[in-house]
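Colleague: Below is the structure I would like to discuss, written out as structure tokens.
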There are 2 protein chains.
Amino acid sequence: MKYELYYWPGIQGRGEFIRLALEEAGADYADVARERGTSAMFKVMEASGTPPFAPPFLKAGKLVIGQTANILFYLGTRHGLAPKAEGPRLWLHQLELTVTDFVLEVHDTHHPLGPSLYYEDQRAAAKKRTEEFWKERVPKHLGYFESLLENSGGAYLTGRRLTYIDLSLFQIVEGLRYAFPKRMKAFERRIPGLIGLHDRIAARANIKVYLESDRRIPFNEDGIFRYYRELDL
Amino acid sequence: MKYELYYWPGIQGRGEFIRLALEEAGADYADVARERGTSAMFKVMEASGTPPFAPPFLKAGKLVIGQTANILFYLGTRHGLAPKAEGPRLWLHQLELTVTDFVLEVHDTHHPLGPSLYYEDQRAAAKKRTEEFWKERVPKHLGYFESLLENSGGAYLTGRRLTYIDLSLFQIVEGLRYAFPKRMKAFERRIPGLIGLHDRIAARANIKVYLESDRRIPFNEDGIFRYYRELDL
């Protein structure tokens with residue numbers, strides 16, 4: 001089956017968590033809005049009997065699946081990126097939902113007053129939120145994953161086998177390095193496990209090819225992870 | 001099996017979405033931190049091999065399941081609150097994850113600068129975020145669910161059978177009425193379907209008994225839905 005991924009064509013954004021899973025799995029997929037424009041995306045949203053609230057969504061045969069973590073939950077067991085037993089599968093999903101929460105907190109560093117206003121209209125609030133984010137939230141979230149990794153008994157977060165959460169954590173490290181290069185550089189010594197995990201993911205054959213390809217959209221100031229010098233140090 | 005729900009004892013918060021499902025299902029459960037204090041909650045978090053990032057979480061036999069939508073996903077098929085087939089089950093989960101996003105946006109009306117600061121330290125930002133929330137986000141989110149309800153072909157969001165998403169939407173209406181009585185009163189004419197759904201849920205036998213019991217914690221200014229007069233109209 002050839003999947004169809006629908007997401008905004010100019011950014012990595014939330015779609016990137018899906019792209020990384022599809023690429024690692026070597027799955028056959030079209031990145032529809034990049035290939036045929038956003039009108040193709042809106043058309044599916046309007047025509048679907050199960051219209052997603054927002055991109056990203058994945059068309060898998062007759063299914064239209066929205067919400068990033070839900071898509072990964074669906075793809076995981078089909079492509080060897082998740083365990084099949086219910087308990088471990090729910091545990092993995094729980095971790096991905098925690099990443100989802102963190103991603104929204106990243107977004108809110110530059111959009112604390114709401115997603116519909118411009119960054120330029122909320123710069124002072126963004127500065128305060130960013131301070132709080134690095135003081136409280138980054139240590140709490142990344143510290144949580146770092147300690148899970150320490151206790152995993154393997155090279156990956158849930159043990160010896162790679163799952164989609166490892167790919168998502170790779171993307172978190174990539175994104176924080178882009179958006180907050182100075183802050184992240186100072187912070188990385190506190191998460192040696194996650195940095196090692198990041199490096200192992202980057203070196204995987206399929207991921208390496210993907211990262212060097214045109215399919216990997218460069219980070220930019222329209223996505224989730226944005227670089228604004230005044231929000232770094 | 002007797003479930004154990006773990007959540008902050010003084011608030012409805014995210015735990016309420018779980019409580020409503022357990023109550024509607026007539027499931028046997030303990031609300032552990034209310035009965036035995038928060039130390040019992042922290043103990044499970046520390047002892048679990050799958051420690052949740054934050055409450056709420058549910059102990060179901062040997063499983064410890066975190067993240068509200070994940071817990072509902074687990075409970076749904078076991079208690080007749082979700083379809084069993086994969087496609088409809090993922091669709092329902094997708095909807096619940098969209099409610100999860102909305103709940104965080106509700107929270108951020110009073111905490112736009114981050115969850116670790118007091119409301120009193122972010123009142124001006126809260127006012128701006130709340131304006132944006134009612135101007136853009138409430139119409140977008142509730143309009144989405146209203147239109148799904150119109151097209152459902154039944155009394156409930158996904159058709160003729162009640163699922164956990166209906167309970168969650170009931171709670172959204174309840175919460176917005178508490179937190180923003182004036183704004184919500186003016187808005188309700190735009191969502192007659194959701195208001196009707198709310199009323200049908202409130203009248204269900206198990207829910208009615210629950211709402212009148214001590215188990216339903218009153219709304220207050222420590223939860224997700226908070227009433228601050230200056231944020232209403």
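Scheme for the structure tokens: letters A, B, ... for chains in order shown; per-chain residue numbers from 1; ligand numbers from 1 in order shown.
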Within 7 Å of chain A, which residues of chain B come that close, and what is the closest atom pair and distance in Å for each? Count only C-alpha atoms and give it as a tab-separated table.
Modeller:
residue	atom	partner	partner_atom	distance
B:Thr50	CA	A:Trp91	CA	6.8
B:Leu63	CA	A:Gly87	CA	6.5
B:Ile65	CA	A:Trp91	CA	6.8
B:Gly66	CA	A:Gln94	CA	6.0
B:Gln67	CA	A:Gln94	CA	5.9
B:Asn70	CA	A:Gln94	CA	6.5
B:Gly87	CA	A:Leu63	CA	6.5
B:Trp91	CA	A:Thr50	CA	6.8
B:Gln94	CA	A:Gln67	CA	5.9
B:Leu97	CA	A:Gln67	CA	6.9
B:Pro112	CA	A:Pro112	CA	5.3
B:Leu113	CA	A:Arg129	CA	4.6
B:Gly114	CA	A:Arg129	CA	5.9
B:Ala125	CA	A:Leu113	CA	6.7
B:Lys128	CA	A:Leu113	CA	6.4
B:Arg129	CA	A:Leu113	CA	4.6
B:Glu132	CA	A:Gly114	CA	6.5
Colleague: Write to file, as a PDB file, in the first residue's frame, the residues of the selection just made, with N, CA, C and O atoms.
Modeller:
ATOM      1  N   THR B  50       6.720   1.652  34.088  1.00  0.00           N
ATOM      2  CA  THR B  50       6.282   2.560  33.020  1.00  0.00           C
ATOM      3  C   THR B  50       5.733   3.825  33.673  1.00  0.00           C
ATOM      4  O   THR B  50       4.538   4.097  33.643  1.00  0.00           O
ATOM      5  N   LEU B  63      -1.141  -3.114  34.424  1.00  0.00           N
ATOM      6  CA  LEU B  63      -0.849  -1.959  33.561  1.00  0.00           C
ATOM      7  C   LEU B  63      -0.962  -0.648  34.327  1.00  0.00           C
ATOM      8  O   LEU B  63      -1.875  -0.465  35.139  1.00  0.00           O
ATOM      9  N   ILE B  65      -1.371   3.103  33.006  1.00  0.00           N
ATOM     10  CA  ILE B  65      -1.604   3.808  31.741  1.00  0.00           C
ATOM     11  C   ILE B  65      -1.745   5.303  31.991  1.00  0.00           C
ATOM     12  O   ILE B  65      -2.584   5.733  32.775  1.00  0.00           O
ATOM     13  N   GLY B  66      -0.929   6.099  31.332  1.00  0.00           N
ATOM     14  CA  GLY B  66      -0.992   7.546  31.461  1.00  0.00           C
ATOM     15  C   GLY B  66      -1.490   8.208  30.204  1.00  0.00           C
ATOM     16  O   GLY B  66      -1.616   7.562  29.161  1.00  0.00           O
ATOM     17  N   GLN B  67      -1.730   9.500  30.282  1.00  0.00           N
ATOM     18  CA  GLN B  67      -2.270  10.345  29.212  1.00  0.00           C
ATOM     19  C   GLN B  67      -3.777  10.090  29.049  1.00  0.00           C
ATOM     20  O   GLN B  67      -4.210   8.994  28.659  1.00  0.00           O
ATOM     21  N   ASN B  70      -5.222   8.322  26.047  1.00  0.00           N
ATOM     22  CA  ASN B  70      -4.735   6.940  26.023  1.00  0.00           C
ATOM     23  C   ASN B  70      -5.541   6.060  26.990  1.00  0.00           C
ATOM     24  O   ASN B  70      -5.879   4.910  26.681  1.00  0.00           O
ATOM     25  N   GLY B  87     -10.633   1.107  12.338  1.00  0.00           N
ATOM     26  CA  GLY B  87     -10.854   2.425  11.737  1.00  0.00           C
ATOM     27  C   GLY B  87     -11.689   3.344  12.619  1.00  0.00           C
ATOM     28  O   GLY B  87     -11.245   4.442  12.987  1.00  0.00           O
ATOM     29  N   TRP B  91     -10.549   6.729  14.682  1.00  0.00           N
ATOM     30  CA  TRP B  91     -11.268   7.994  14.433  1.00  0.00           C
ATOM     31  C   TRP B  91     -11.717   8.601  15.761  1.00  0.00           C
ATOM     32  O   TRP B  91     -11.523   9.794  16.017  1.00  0.00           O
ATOM     33  N   GLN B  94      -8.751   9.958  17.560  1.00  0.00           N
ATOM     34  CA  GLN B  94      -8.364  11.219  16.918  1.00  0.00           C
ATOM     35  C   GLN B  94      -9.198  12.387  17.447  1.00  0.00           C
ATOM     36  O   GLN B  94      -8.677  13.465  17.750  1.00  0.00           O
ATOM     37  N   LEU B  97      -8.140  13.257  20.927  1.00  0.00           N
ATOM     38  CA  LEU B  97      -6.868  13.995  20.929  1.00  0.00           C
ATOM     39  C   LEU B  97      -7.083  15.456  20.534  1.00  0.00           C
ATOM     40  O   LEU B  97      -6.344  16.340  20.972  1.00  0.00           O
ATOM     41  N   PRO B 112      -0.857  31.646  29.951  1.00  0.00           N
ATOM     42  CA  PRO B 112      -0.173  31.773  28.654  1.00  0.00           C
ATOM     43  C   PRO B 112       1.349  31.800  28.755  1.00  0.00           C
ATOM     44  O   PRO B 112       2.025  31.432  27.802  1.00  0.00           O
ATOM     45  N   LEU B 113       1.880  32.189  29.895  1.00  0.00           N
ATOM     46  CA  LEU B 113       3.343  32.308  29.996  1.00  0.00           C
ATOM     47  C   LEU B 113       3.986  31.065  30.588  1.00  0.00           C
ATOM     48  O   LEU B 113       5.179  31.032  30.846  1.00  0.00           O
ATOM     49  N   GLY B 114       3.184  30.043  30.791  1.00  0.00           N
ATOM     50  CA  GLY B 114       3.756  28.783  31.264  1.00  0.00           C
ATOM     51  C   GLY B 114       3.059  28.266  32.499  1.00  0.00           C
ATOM     52  O   GLY B 114       2.557  29.042  33.313  1.00  0.00           O
ATOM     53  N   ALA B 125      -1.182  39.062  30.006  1.00  0.00           N
ATOM     54  CA  ALA B 125      -1.057  38.103  28.907  1.00  0.00           C
ATOM     55  C   ALA B 125      -2.289  37.201  28.837  1.00  0.00           C
ATOM     56  O   ALA B 125      -2.768  36.855  27.746  1.00  0.00           O
ATOM     57  N   LYS B 128      -5.096  38.875  26.932  1.00  0.00           N
ATOM     58  CA  LYS B 128      -4.910  38.838  25.474  1.00  0.00           C
ATOM     59  C   LYS B 128      -5.176  37.442  24.917  1.00  0.00           C
ATOM     60  O   LYS B 128      -5.833  37.286  23.890  1.00  0.00           O
ATOM     61  N   ARG B 129      -4.633  36.463  25.593  1.00  0.00           N
ATOM     62  CA  ARG B 129      -4.812  35.092  25.106  1.00  0.00           C
ATOM     63  C   ARG B 129      -6.300  34.701  25.133  1.00  0.00           C
ATOM     64  O   ARG B 129      -6.790  34.012  24.242  1.00  0.00           O
ATOM     65  N   GLU B 132      -8.183  36.135  22.142  1.00  0.00           N
ATOM     66  CA  GLU B 132      -7.864  35.343  20.956  1.00  0.00           C
ATOM     67  C   GLU B 132      -8.573  33.987  20.997  1.00  0.00           C
ATOM     68  O   GLU B 132      -9.071  33.493  19.980  1.00  0.00           O
TER      69      GLU B 132
END
Colleague: Any chance you could dump chain B, least-squares fitted to chain A on all C-alpha atoms in order, as an mmCIF file with C-alpha atoms, in the first residue's frame?
Modeller:
data_model
loop_
_atom_site.group_PDB
_atom_site.id
_atom_site.type_symbol
_atom_site.label_atom_id
_atom_site.label_comp_id
_atom_site.auth_asym_id
_atom_site.auth_seq_id
_atom_site.Cartn_x
_atom_site.Cartn_y
_atom_site.Cartn_z
ATOM 1 C CA MET B 1 0.008 0.003 -0.013
ATOM 2 C CA LYS B 2 1.230 3.476 -0.879
ATOM 3 C CA TYR B 3 0.463 5.938 1.898
ATOM 4 C CA GLU B 4 -0.472 9.537 1.331
ATOM 5 C CA LEU B 5 0.841 11.998 3.894
ATOM 6 C CA TYR B 6 -0.874 15.372 4.007
ATOM 7 C CA TYR B 7 0.888 18.265 5.667
ATOM 8 C CA TRP B 8 1.887 21.872 5.049
ATOM 9 C CA PRO B 9 4.485 21.758 2.287
ATOM 10 C CA GLY B 10 6.897 24.427 3.541
ATOM 11 C CA ILE B 11 7.707 23.202 7.041
ATOM 12 C CA GLN B 12 8.860 20.177 8.991
ATOM 13 C CA GLY B 13 6.345 20.878 11.756
ATOM 14 C CA ARG B 14 4.333 18.031 13.181
ATOM 15 C CA GLY B 15 4.449 16.227 9.859
ATOM 16 C CA GLU B 16 8.143 15.550 10.380
ATOM 17 C CA PHE B 17 7.451 13.014 13.119
ATOM 18 C CA ILE B 18 5.473 11.025 10.550
ATOM 19 C CA ARG B 19 8.023 11.498 7.777
ATOM 20 C CA LEU B 20 10.792 10.142 9.991
ATOM 21 C CA ALA B 21 8.787 7.005 10.748
ATOM 22 C CA LEU B 22 7.880 6.439 7.088
ATOM 23 C CA GLU B 23 11.486 6.970 6.020
ATOM 24 C CA GLU B 24 12.982 4.706 8.695
ATOM 25 C CA ALA B 25 10.484 2.017 7.699
ATOM 26 C CA GLY B 26 11.263 2.428 4.018
ATOM 27 C CA ALA B 27 7.525 2.796 3.435
ATOM 28 C CA ASP B 28 6.145 3.895 0.100
ATOM 29 C CA TYR B 29 4.463 7.271 0.508
ATOM 30 C CA ALA B 30 3.579 10.482 -1.268
ATOM 31 C CA ASP B 31 4.028 13.816 0.497
ATOM 32 C CA VAL B 32 0.927 15.081 -1.217
ATOM 33 C CA ALA B 33 0.865 18.824 -0.569
ATOM 34 C CA ARG B 34 4.542 19.067 -1.516
ATOM 35 C CA GLU B 35 3.900 17.251 -4.756
ATOM 36 C CA ARG B 36 0.492 18.614 -5.721
ATOM 37 C CA GLY B 37 -0.164 21.682 -3.543
ATOM 38 C CA THR B 38 -2.331 22.403 -0.532
ATOM 39 C CA SER B 39 -5.585 22.377 -2.515
ATOM 40 C CA ALA B 40 -5.220 18.580 -2.756
ATOM 41 C CA MET B 41 -4.961 18.554 1.052
ATOM 42 C CA PHE B 42 -8.053 20.668 1.651
ATOM 43 C CA LYS B 43 -9.985 18.559 -0.815
ATOM 44 C CA VAL B 44 -9.398 15.390 1.198
ATOM 45 C CA MET B 45 -10.270 17.177 4.433
ATOM 46 C CA GLU B 46 -13.595 18.257 2.998
ATOM 47 C CA ALA B 47 -14.439 15.005 1.274
ATOM 48 C CA SER B 48 -13.557 12.667 4.107
ATOM 49 C CA GLY B 49 -16.256 11.115 6.252
ATOM 50 C CA THR B 50 -13.765 11.427 9.095
ATOM 51 C CA PRO B 51 -12.391 14.922 8.458
ATOM 52 C CA PRO B 52 -9.300 15.699 10.535
ATOM 53 C CA PHE B 53 -9.298 18.921 12.534
ATOM 54 C CA ALA B 54 -5.905 19.855 11.105
ATOM 55 C CA PRO B 55 -2.921 18.422 9.230
ATOM 56 C CA PRO B 56 -0.955 16.203 9.465
ATOM 57 C CA PHE B 57 -3.117 13.318 8.404
ATOM 58 C CA LEU B 58 -2.410 10.084 6.631
ATOM 59 C CA LYS B 59 -4.427 8.335 4.009
ATOM 60 C CA ALA B 60 -3.971 4.606 4.318
ATOM 61 C CA GLY B 61 -6.264 2.862 1.862
ATOM 62 C CA LYS B 62 -9.742 3.952 2.911
ATOM 63 C CA LEU B 63 -8.680 5.266 6.310
ATOM 64 C CA VAL B 64 -7.985 8.945 6.904
ATOM 65 C CA ILE B 65 -6.068 9.194 10.168
ATOM 66 C CA GLY B 66 -5.334 12.481 11.925
ATOM 67 C CA GLN B 67 -3.319 13.533 14.984
ATOM 68 C CA THR B 68 0.408 12.848 14.869
ATOM 69 C CA ALA B 69 0.564 10.371 17.752
ATOM 70 C CA ASN B 70 -2.466 8.524 16.404
ATOM 71 C CA ILE B 71 -0.814 8.146 13.002
ATOM 72 C CA LEU B 72 2.353 6.797 14.606
ATOM 73 C CA PHE B 73 0.254 4.412 16.681
ATOM 74 C CA TYR B 74 -1.263 3.106 13.459
ATOM 75 C CA LEU B 75 2.022 2.875 11.548
ATOM 76 C CA GLY B 76 4.069 1.503 14.432
ATOM 77 C CA THR B 77 2.947 -2.111 14.542
ATOM 78 C CA ARG B 78 2.664 -2.299 10.756
ATOM 79 C CA HIS B 79 6.299 -1.392 10.187
ATOM 80 C CA GLY B 80 8.150 -2.894 13.113
ATOM 81 C CA LEU B 81 8.401 0.453 14.892
ATOM 82 C CA ALA B 82 6.241 -0.575 17.863
ATOM 83 C CA PRO B 83 5.629 -3.689 19.938
ATOM 84 C CA LYS B 84 2.468 -5.642 19.189
ATOM 85 C CA ALA B 85 1.323 -6.513 22.716
ATOM 86 C CA GLU B 86 -1.279 -4.172 24.172
ATOM 87 C CA GLY B 87 0.570 -3.041 27.310
ATOM 88 C CA PRO B 88 3.867 -2.092 25.654
ATOM 89 C CA ARG B 89 1.988 -0.573 22.742
ATOM 90 C CA LEU B 90 -0.035 1.701 25.057
ATOM 91 C CA TRP B 91 3.132 2.596 26.971
ATOM 92 C CA LEU B 92 4.835 3.668 23.755
ATOM 93 C CA HIS B 93 1.788 5.681 22.754
ATOM 94 C CA GLN B 94 1.754 7.334 26.159
ATOM 95 C CA LEU B 95 5.361 8.421 25.621
ATOM 96 C CA GLU B 96 4.550 9.810 22.195
ATOM 97 C CA LEU B 97 1.643 11.785 23.667
ATOM 98 C CA THR B 98 4.076 13.262 26.170
ATOM 99 C CA VAL B 99 6.294 14.311 23.261
ATOM 100 C CA THR B 100 3.177 15.826 21.663
ATOM 101 C CA ASP B 101 2.639 17.924 24.788
ATOM 102 C CA PHE B 102 6.248 19.025 24.740
ATOM 103 C CA VAL B 103 6.071 19.970 21.048
ATOM 104 C CA LEU B 104 3.158 22.276 21.822
ATOM 105 C CA GLU B 105 5.190 23.861 24.606
ATOM 106 C CA VAL B 106 8.004 24.447 22.107
ATOM 107 C CA HIS B 107 5.508 26.089 19.764
ATOM 108 C CA ASP B 108 4.191 28.266 22.567
ATOM 109 C CA THR B 109 7.639 29.741 23.268
ATOM 110 C CA HIS B 110 7.095 31.897 20.184
ATOM 111 C CA HIS B 111 3.280 31.933 20.324
ATOM 112 C CA PRO B 112 2.281 32.280 23.988
ATOM 113 C CA LEU B 113 -0.707 34.503 23.225
ATOM 114 C CA GLY B 114 -2.246 32.146 20.720
ATOM 115 C CA PRO B 115 -1.619 30.505 17.366
ATOM 116 C CA SER B 116 -3.596 33.046 15.368
ATOM 117 C CA LEU B 117 -1.446 36.107 16.198
ATOM 118 C CA TYR B 118 1.921 36.888 14.604
ATOM 119 C CA TYR B 119 5.135 36.399 16.530
ATOM 120 C CA GLU B 120 5.860 40.099 16.126
ATOM 121 C CA ASP B 121 2.731 40.883 18.141
ATOM 122 C CA GLN B 122 3.806 38.794 21.113
ATOM 123 C CA ARG B 123 7.567 39.212 21.434
ATOM 124 C CA ALA B 124 7.611 40.322 25.068
ATOM 125 C CA ALA B 125 5.368 37.447 26.151
ATOM 126 C CA ALA B 126 7.459 35.052 24.055
ATOM 127 C CA LYS B 127 10.563 36.099 25.947
ATOM 128 C CA LYS B 128 8.963 35.372 29.303
ATOM 129 C CA ARG B 129 7.517 32.078 28.191
ATOM 130 C CA THR B 130 10.873 31.010 26.747
ATOM 131 C CA GLU B 131 12.650 31.750 30.054
ATOM 132 C CA GLU B 132 10.141 29.595 31.872
ATOM 133 C CA PHE B 133 10.386 26.908 29.219
ATOM 134 C CA TRP B 134 14.142 26.535 29.645
ATOM 135 C CA LYS B 135 14.110 26.936 33.395
ATOM 136 C CA GLU B 136 11.301 24.485 34.168
ATOM 137 C CA ARG B 137 9.898 22.603 31.222
ATOM 138 C CA VAL B 138 12.956 21.476 29.258
ATOM 139 C CA PRO B 139 14.655 20.004 32.355
ATOM 140 C CA LYS B 140 11.417 18.301 33.388
ATOM 141 C CA HIS B 141 10.562 16.812 29.999
ATOM 142 C CA LEU B 142 14.020 15.908 28.760
ATOM 143 C CA GLY B 143 15.021 14.759 32.242
ATOM 144 C CA TYR B 144 12.090 12.364 32.162
ATOM 145 C CA PHE B 145 13.142 10.833 28.858
ATOM 146 C CA GLU B 146 16.803 10.772 29.897
ATOM 147 C CA SER B 147 15.958 8.743 32.980
ATOM 148 C CA LEU B 148 13.764 6.340 30.981
ATOM 149 C CA LEU B 149 16.683 5.823 28.625
ATOM 150 C CA GLU B 150 19.041 5.095 31.536
ATOM 151 C CA ASN B 151 16.658 2.424 32.769
ATOM 152 C CA SER B 152 15.761 0.946 29.394
ATOM 153 C CA GLY B 153 18.387 -1.780 29.372
ATOM 154 C CA GLY B 154 19.098 -1.201 25.700
ATOM 155 C CA ALA B 155 20.224 1.332 23.129
ATOM 156 C CA TYR B 156 16.693 2.627 22.621
ATOM 157 C CA LEU B 157 14.094 4.196 24.851
ATOM 158 C CA THR B 158 12.015 1.095 25.388
ATOM 159 C CA GLY B 159 14.880 -1.402 25.222
ATOM 160 C CA ARG B 160 16.880 -3.097 22.518
ATOM 161 C CA ARG B 161 14.590 -2.340 19.611
ATOM 162 C CA LEU B 162 14.098 0.978 17.930
ATOM 163 C CA THR B 163 10.548 2.343 18.006
ATOM 164 C CA TYR B 164 8.969 5.519 16.740
ATOM 165 C CA ILE B 165 9.556 7.324 20.041
ATOM 166 C CA ASP B 166 13.311 7.203 19.352
ATOM 167 C CA LEU B 167 12.743 8.957 16.032
ATOM 168 C CA SER B 168 10.613 11.590 17.720
ATOM 169 C CA LEU B 169 13.270 12.250 20.367
ATOM 170 C CA PHE B 170 15.856 12.585 17.604
ATOM 171 C CA GLN B 171 13.674 15.294 16.095
ATOM 172 C CA ILE B 172 13.310 17.065 19.454
ATOM 173 C CA VAL B 173 17.096 17.292 19.800
ATOM 174 C CA GLU B 174 17.434 18.464 16.191
ATOM 175 C CA GLY B 175 14.753 21.081 16.668
ATOM 176 C CA LEU B 176 16.045 22.474 19.953
ATOM 177 C CA ARG B 177 19.532 22.733 18.458
ATOM 178 C CA TYR B 178 18.128 24.756 15.583
ATOM 179 C CA ALA B 179 15.819 27.005 17.602
ATOM 180 C CA PHE B 180 18.008 27.614 20.644
ATOM 181 C CA PRO B 181 21.615 26.835 19.664
ATOM 182 C CA LYS B 182 23.246 28.522 22.657
ATOM 183 C CA ARG B 183 20.780 27.365 25.278
ATOM 184 C CA MET B 184 20.823 23.831 23.924
ATOM 185 C CA LYS B 185 24.619 23.702 23.782
ATOM 186 C CA ALA B 186 24.740 24.518 27.487
ATOM 187 C CA PHE B 187 21.989 22.037 28.291
ATOM 188 C CA GLU B 188 23.235 19.014 26.388
ATOM 189 C CA ARG B 189 25.661 17.900 29.104
ATOM 190 C CA ARG B 190 22.607 17.094 31.212
ATOM 191 C CA ILE B 191 21.200 14.651 28.662
ATOM 192 C CA PRO B 192 24.120 12.543 27.434
ATOM 193 C CA GLY B 193 21.847 9.557 26.843
ATOM 194 C CA LEU B 194 19.478 11.459 24.565
ATOM 195 C CA ILE B 195 22.381 12.985 22.646
ATOM 196 C CA GLY B 196 23.822 9.519 22.108
ATOM 197 C CA LEU B 197 20.434 8.296 20.958
ATOM 198 C CA HIS B 198 20.174 11.236 18.570
ATOM 199 C CA ASP B 199 23.535 10.341 17.042
ATOM 200 C CA ARG B 200 22.626 6.683 16.595
ATOM 201 C CA ILE B 201 19.397 7.641 14.843
ATOM 202 C CA ALA B 202 21.196 10.120 12.571
ATOM 203 C CA ALA B 203 23.582 7.350 11.520
ATOM 204 C CA ARG B 204 20.904 4.830 10.539
ATOM 205 C CA ALA B 205 20.987 4.015 6.851
ATOM 206 C CA ASN B 206 17.502 5.148 5.854
ATOM 207 C CA ILE B 207 17.523 8.216 8.083
ATOM 208 C CA LYS B 208 20.943 9.282 6.824
ATOM 209 C CA VAL B 209 19.790 9.130 3.216
ATOM 210 C CA TYR B 210 16.605 10.989 4.123
ATOM 211 C CA LEU B 211 18.355 13.803 5.980
ATOM 212 C CA GLU B 212 20.596 14.426 2.978
ATOM 213 C CA SER B 213 17.706 14.366 0.512
ATOM 214 C CA ASP B 214 15.409 17.110 -0.735
ATOM 215 C CA ARG B 215 12.596 15.401 1.111
ATOM 216 C CA ARG B 216 13.945 16.803 4.401
ATOM 217 C CA ILE B 217 12.705 20.395 4.445
ATOM 218 C CA PRO B 218 15.182 22.735 6.161
ATOM 219 C CA PHE B 219 14.103 24.220 9.507
ATOM 220 C CA ASN B 220 12.692 27.718 9.113
ATOM 221 C CA GLU B 221 10.717 30.402 10.915
ATOM 222 C CA ASP B 222 7.290 29.095 9.911
ATOM 223 C CA GLY B 223 7.568 25.760 11.702
ATOM 224 C CA ILE B 224 7.413 24.574 15.299
ATOM 225 C CA PHE B 225 11.122 25.067 15.990
ATOM 226 C CA ARG B 226 12.022 28.639 15.063
ATOM 227 C CA TYR B 227 15.221 30.538 15.580
ATOM 228 C CA TYR B 228 14.723 34.002 16.995
ATOM 229 C CA ARG B 229 17.994 35.374 18.279
ATOM 230 C CA GLU B 230 16.351 37.259 21.134
ATOM 231 C CA LEU B 231 14.827 34.043 22.490
ATOM 232 C CA ASP B 232 18.173 32.283 22.578
ATOM 233 C CA LEU B 233 20.793 33.661 24.935
#
Colleague: Looking only at helix (DSSP H, G or I) from DSSP on the backbone, list the matching residues of segment 23-171 of chain A as a ChimeraX atom specification.
Modeller: /A:23-25,32-36,38-47,68-78,86-110,119-121,123-150,164-171
Colleague: Taking the DSSP assignment computed from this structure's backbone, write out as a list in words all residues of segment 40-150 of chain A that belong to strand (DSSP E or B).
Modeller: Phe57, Leu58, Lys59, Ala60, Leu63, Val64, Ile65 and Gly66 of chain A
